[in-house]
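Colleague: I have a structure here, written as structure tokens, and I will follow up with some questions on it.
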Amino acid sequence: MLLKFKKEVYKYGILGFLLNLLLFFSLSVHIAFGTVVLLILFFILVKRSKLFFCFFIQTIFFQNTYIAFFSGIISTPAEFKILHGINFLLPCLLTLFMFKSSSEYFSKFFFKKTILIILILIAYSIFGTIHYGFLNSAQYLRLFLIPILYLLVGIYFTKKLSIDFINKNLKVIFVICTIFTLLQFLFPLLTSRLLNDLSYFSIKRGIDSWSGLLEYYKGKRLFNISWFDIRSYRIGSLIKSMISLGYFLTILGVYFYWPNKKIRLFFIFLLVAIAINSKGAVLVLFFSILLYFLFYKSNLSTGLALTFYLIINIMIIYLGYEKRNEHIVGFVSGSTYLLSLGNGLGFAGNLSDSLFTSWRGNPLPDLGYWTRFQNGSESVYGVLFSSLGISSFIYIFYFIEVIKILFIKLKSKTTHVKVLRILAIVLFLQGIYQEEAYSPYCLGLVMFLVGLNFYKKDEEETVSV
């Protein structure tokens, strides 16, 4: 795969890599010292847009790799967990920086709506902290805020840089991640040693040997389907999380290669299917191609195509519930809280340790294996509904408004924008099927791409948001 980019793409990319090594080394030595280094780097780089962008995207998407490099000097598991919040802290800093001069980036109406939804999430987080503890609440505040923050920082960077420079840098990190994923699948021990994975997973999973790490890579059946007795190495590469890696490669693969370079996208699909075994990512690829066909290759109107797509999703939800699929059971169970005021962030979800209790701390009705799904676990929307209740509609309408902007106000005919419209809808609904669908590498990545395309200098097209 030949990349013919300007030297500045590589120059700023390498500088961004070195600065991230400095940052994560500092954070690993001591959290307070690293925080000071982060603030210094932020205020120096924010005035140097190209270098800041290269530094920023490496930080938010590959933070786990940098943590792995220095995991041997991290003092405690608590500090290890804190370091995984850098891809949330850095966008928060940049968002606050944008809010100082908000009129430069947003319309007053969009700004007020954004502030409203952020305040609602913070309020539910405070309630959740009181009842379920800080860590439970903070993890879900992060999950629900990330797509909003990544949208905002995408808008910031596209105001500062050309979309050509942005896309070339994104493609470089995409190709690098693809290469490392392939290498780790073909040569798991060698590549894992290079990435210092044993040190990383010894803290995260308690794995204390290379043989144990290889067993962890091969610990589940193909696609995690019980009636498949086929096992292959299921690796997380530079992102460390298998599911997130699958989404990351699929989303960027569709963004860069569909529909003009189908062969390259096919190879990305093979890599995701064989080396990562991510059912969610495969579903995203299938839905993206289907919806692209409905919108741009059929004679259906946009409204009719969208209606047809929604009917397909409703059928999948019905079949999933009949077959007692965990994700759909969580989605339906969480929906029962929609007409309530919600229970606060941290009440539900796989990242919470209050899986088996009500918001008052009382045990949920014992349903055996199905007990934890009563509060919405395994589905982003199940967790959202049970946590925010009726306020969930405000959160959902915010993203519907963003998708409407893509269709109504953004008039560009470029392939990237067409594909983004598809990805935004697909990942927005993907939250029904998987709790991780709103992570930085899933809807977060898509909203980042959406923000990057709201204003394009090289096409002289401006969208007011």
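Here, A, B, ... name the chains of the structure tokens in the order displayed, residue numbers run from 1 inside each chain, and ligands are numbered from 1 in the same displayed order.
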Can you check which parts of stretch 192-299 of chain A lie within 8 Å of stretch 71-82 of chain A? Per residue, the shortest pair of atoms and distance in Å to one decimal, counting only C-alpha atoms, sorted by chain and number, as a Markdown table.
Modeller:
| residue | atom | partner | partner_atom | distance |
| --- | --- | --- | --- | --- |
| A:Ser199 | CA | A:Ser71 | CA | 6.0 |
| A:Tyr200 | CA | A:Ser71 | CA | 5.7 |
| A:Ile203 | CA | A:Pro77 | CA | 6.4 |
| A:Lys204 | CA | A:Pro77 | CA | 7.7 |
Colleague: Counting only C-alpha atoms, which residues of stretch 232-340 of chain A fall within 9 Å of stretch 422-431 of chain A, and what is the closest atom pair for each with its distance in Å at one decimal, ordered by chain and rising number, as a Markdown table?
Modeller:
| residue | atom | partner | partner_atom | distance |
| --- | --- | --- | --- | --- |
| A:Ile251 | CA | A:Leu423 | CA | 7.4 |
| A:Val254 | CA | A:Leu423 | CA | 8.3 |
| A:Tyr255 | CA | A:Leu423 | CA | 8.2 |
| A:Gly280 | CA | A:Gln430 | CA | 8.0 |
| A:Leu283 | CA | A:Gln430 | CA | 8.6 |
| A:Val284 | CA | A:Val426 | CA | 6.6 |
| A:Phe287 | CA | A:Val426 | CA | 6.5 |
| A:Ser288 | CA | A:Ile422 | CA | 6.0 |
| A:Ile289 | CA | A:Ile422 | CA | 8.5 |
| A:Leu291 | CA | A:Ile422 | CA | 6.4 |
| A:Tyr292 | CA | A:Ile422 | CA | 6.3 |
| A:Phe295 | CA | A:Ile422 | CA | 8.5 |
| A:Asn313 | CA | A:Leu429 | CA | 8.5 |
Colleague: List the neighbours of A:Gly451 out to 6 Å using only C-alpha atoms; skip same-chain residues closer than 5 positions along the sequence, and give me the result as a ChimeraX atom specification.
Modeller: /A:151,154-155
Colleague: Using only C-alpha atoms, find the one residue out of A:Leu306, A:Leu249, A:Leu161, A:Leu182 that sits nearest to A:Lys50.
Modeller: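 Among the listed residues, A:Leu161 lies closest to A:Lys50.
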Colleague: Which residues are near stretch 135-141 of chain A? Cut-off 8 Å, only C-alpha atoms, ignore same chain within fewer than 5 positions. Put them as a list in words.
Modeller: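 Residues meeting the cut-off are Leu121, Ile122, Ser125, Ile126, Gly128, Thr129, Gly344, Leu345, Gly346, Phe347, Leu351, Ser352 and Asp353 of chain A.
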Colleague: Could the residues in this selection be saved with N, CA and C atoms as a short mmCIF file (atom, residue, chain, number, x, y, z; two decimals), in the first residue's frame?
Modeller:
data_model
loop_
_atom_site.label_atom_id
_atom_site.label_comp_id
_atom_site.auth_asym_id
_atom_site.auth_seq_id
_atom_site.Cartn_x
_atom_site.Cartn_y
_atom_site.Cartn_z
N LEU A 121 -25.88 15.74 31.70
CA LEU A 121 -25.04 14.57 31.98
C LEU A 121 -24.26 14.75 33.28
N ILE A 122 -23.76 15.96 33.51
CA ILE A 122 -23.02 16.22 34.76
C ILE A 122 -23.95 16.08 35.97
N SER A 125 -24.51 12.58 36.62
CA SER A 125 -23.26 12.01 37.13
C SER A 125 -23.09 12.29 38.62
N ILE A 126 -23.45 13.49 39.05
CA ILE A 126 -23.36 13.84 40.48
C ILE A 126 -24.30 12.94 41.29
N GLY A 128 -25.35 10.01 40.40
CA GLY A 128 -24.79 8.67 40.35
C GLY A 128 -23.61 8.49 41.28
N THR A 129 -22.79 9.52 41.41
CA THR A 129 -21.64 9.45 42.31
C THR A 129 -22.09 9.25 43.75
N GLY A 344 -29.55 7.80 37.39
CA GLY A 344 -28.21 8.36 37.52
C GLY A 344 -27.16 7.54 36.82
N LEU A 345 -26.07 8.17 36.43
CA LEU A 345 -24.98 7.47 35.75
C LEU A 345 -24.24 6.58 36.74
N GLY A 346 -23.93 5.37 36.29
CA GLY A 346 -23.27 4.40 37.15
C GLY A 346 -24.22 3.35 37.67
N PHE A 347 -25.52 3.55 37.44
CA PHE A 347 -26.52 2.57 37.87
C PHE A 347 -26.45 1.30 37.04
N LEU A 351 -19.46 -1.59 32.87
CA LEU A 351 -18.35 -0.92 33.56
C LEU A 351 -18.68 -0.60 35.00
N SER A 352 -19.92 -0.83 35.40
CA SER A 352 -20.37 -0.52 36.75
C SER A 352 -20.34 -1.78 37.61
N ASP A 353 -20.08 -1.61 38.91
CA ASP A 353 -20.13 -2.76 39.81
C ASP A 353 -21.46 -2.84 40.56
#
Colleague: So that I can see what lies close to A:Tyr66, please list as a list in words the residues with an atom at most 8 Å from it, counting only C-alpha atoms and leaving out residues fewer than 5 positions away in the same chain.
Modeller: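 Selected residues are Asn20, Leu21 and Phe24 of chain A.
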Colleague: Based on the selection just made, write N, CA and C atoms of those residues as a CSV table (one decimal), in the first residue's frame.
Modeller:
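Generated output (selection28.csv):
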chain,number,residue,atom,x,y,z
A,20,ASN,N,4.2,12.4,22.5
A,20,ASN,CA,3.4,11.5,23.2
A,20,ASN,C,4.2,10.6,24.1
A,21,LEU,N,5.4,10.2,23.6
A,21,LEU,CA,6.3,9.5,24.5
A,21,LEU,C,6.7,10.3,25.7
A,24,PHE,N,3.4,10.5,28.1
A,24,PHE,CA,3.0,9.3,28.8
A,24,PHE,C,4.2,8.8,29.7
Colleague: Which stretch 409-443 of chain A residues have any atom within 12 Å of an atom of stretch 273-278 of chain A, and for each, what is the nearest pair of atoms with distance in Å to one decimal, counting only C-alpha atoms, rows sorted by chain and number, as JSON lines?
Modeller:
{"residue": "A:Gln434", "atom": "CA", "partner": "A:Ser278", "partner_atom": "CA", "distance": 11.1}
{"residue": "A:Glu436", "atom": "CA", "partner": "A:Ser278", "partner_atom": "CA", "distance": 11.6}
{"residue": "A:Ala437", "atom": "CA", "partner": "A:Ser278", "partner_atom": "CA", "distance": 11.9}
Colleague: Please produce an output containing C-alpha atoms for each residue in the selection, written as a CSV table (one decimal), in the first residue's frame.
Modeller:
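Saved to again.csv:
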chain,number,residue,atom,x,y,z
A,434,GLN,CA,-23.4,-3.0,21.8
A,436,GLU,CA,-19.0,-0.1,23.4
A,437,ALA,CA,-20.5,1.5,20.4
Colleague: Which one of A:Ala123, A:Lys262, A:Leu38, A:Tyr150 sits closest to A:Cys92 if you count only C-alpha atoms?
Modeller: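 Checking each of A:Ala123, A:Lys262, A:Leu38, A:Tyr150 against A:Cys92, counting only C-alpha atoms, the winner is A:Tyr150.
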Colleague: Just asking: which residues within stretch 253-365 of chain A are helix (DSSP H, G or I) according to DSSP, as number ranges by chain?
Modeller: A: 253-257, 262-276, 279-297, 302-322, 326-335
Colleague: Please provide the set of residues having any atom within 9 Å of A:Asp208, restricted to only C-alpha atoms, with same-chain residues fewer than 6 positions apart removed, written as a PyMOL selection string.
Modeller: chain A and resi 198-199+201-202
Colleague: Can you write just those residues out, N, CA and C atoms, as a PDB file, in the first residue's frame?
Modeller:
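And here's out_8.pdb as it stands now:
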ATOM      1  N   LEU A 198       2.840  -7.656  27.478  1.00  0.00           N
ATOM      2  CA  LEU A 198       2.772  -8.455  28.700  1.00  0.00           C
ATOM      3  C   LEU A 198       2.724  -7.551  29.932  1.00  0.00           C
ATOM      4  N   SER A 199       3.545  -6.507  29.922  1.00  0.00           N
ATOM      5  CA  SER A 199       3.547  -5.566  31.048  1.00  0.00           C
ATOM      6  C   SER A 199       2.180  -4.886  31.170  1.00  0.00           C
ATOM      7  N   PHE A 201      -0.866  -6.014  30.060  1.00  0.00           N
ATOM      8  CA  PHE A 201      -1.935  -6.928  30.471  1.00  0.00           C
ATOM      9  C   PHE A 201      -1.673  -7.562  31.836  1.00  0.00           C
ATOM     10  N   SER A 202      -0.445  -7.486  32.318  1.00  0.00           N
ATOM     11  CA  SER A 202      -0.195  -7.966  33.686  1.00  0.00           C
ATOM     12  C   SER A 202      -0.898  -7.071  34.692  1.00  0.00           C
TER      13      SER A 202
END
Colleague: Closest to A:Leu406 among A:Leu443, A:Phe454, A:Asn375, A:Leu51, using only C-alpha atoms?
Modeller: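 Once distances to A:Leu406 are computed over only C-alpha atoms, the minimum belongs to A:Phe454.
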Colleague: For A:Val402, which residue out of A:Cys177, A:Ile67, A:Ile57, A:Val450 is the nearest one, using only C-alpha atoms?
Modeller: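 The shortest atom-to-atom distance to A:Val402 comes from A:Val450.
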Colleague: Quick one: everything within 7 Å of A:Tyr217, counting only C-alpha atoms, minus sequence neighbours fewer than 3 positions away in the same chain. Send it as number ranges by chain.
Modeller: A: 213-214, 233-235
Colleague: Given only C-alpha atoms as the basis, pick out the residue of A:Arg205, A:Arg264, A:Lys418, A:Lys100 nearest to A:Tyr296.
Modeller: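 Closest to A:Tyr296 of all the choices is A:Lys418.
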Colleague: Restricting the calculation to only C-alpha atoms: of A:Ile312, A:Val153, A:Leu410, A:Ser391, which residue gets closest to A:Leu116?
Modeller: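 Of all the options, A:Ser391 lies closest to A:Leu116.
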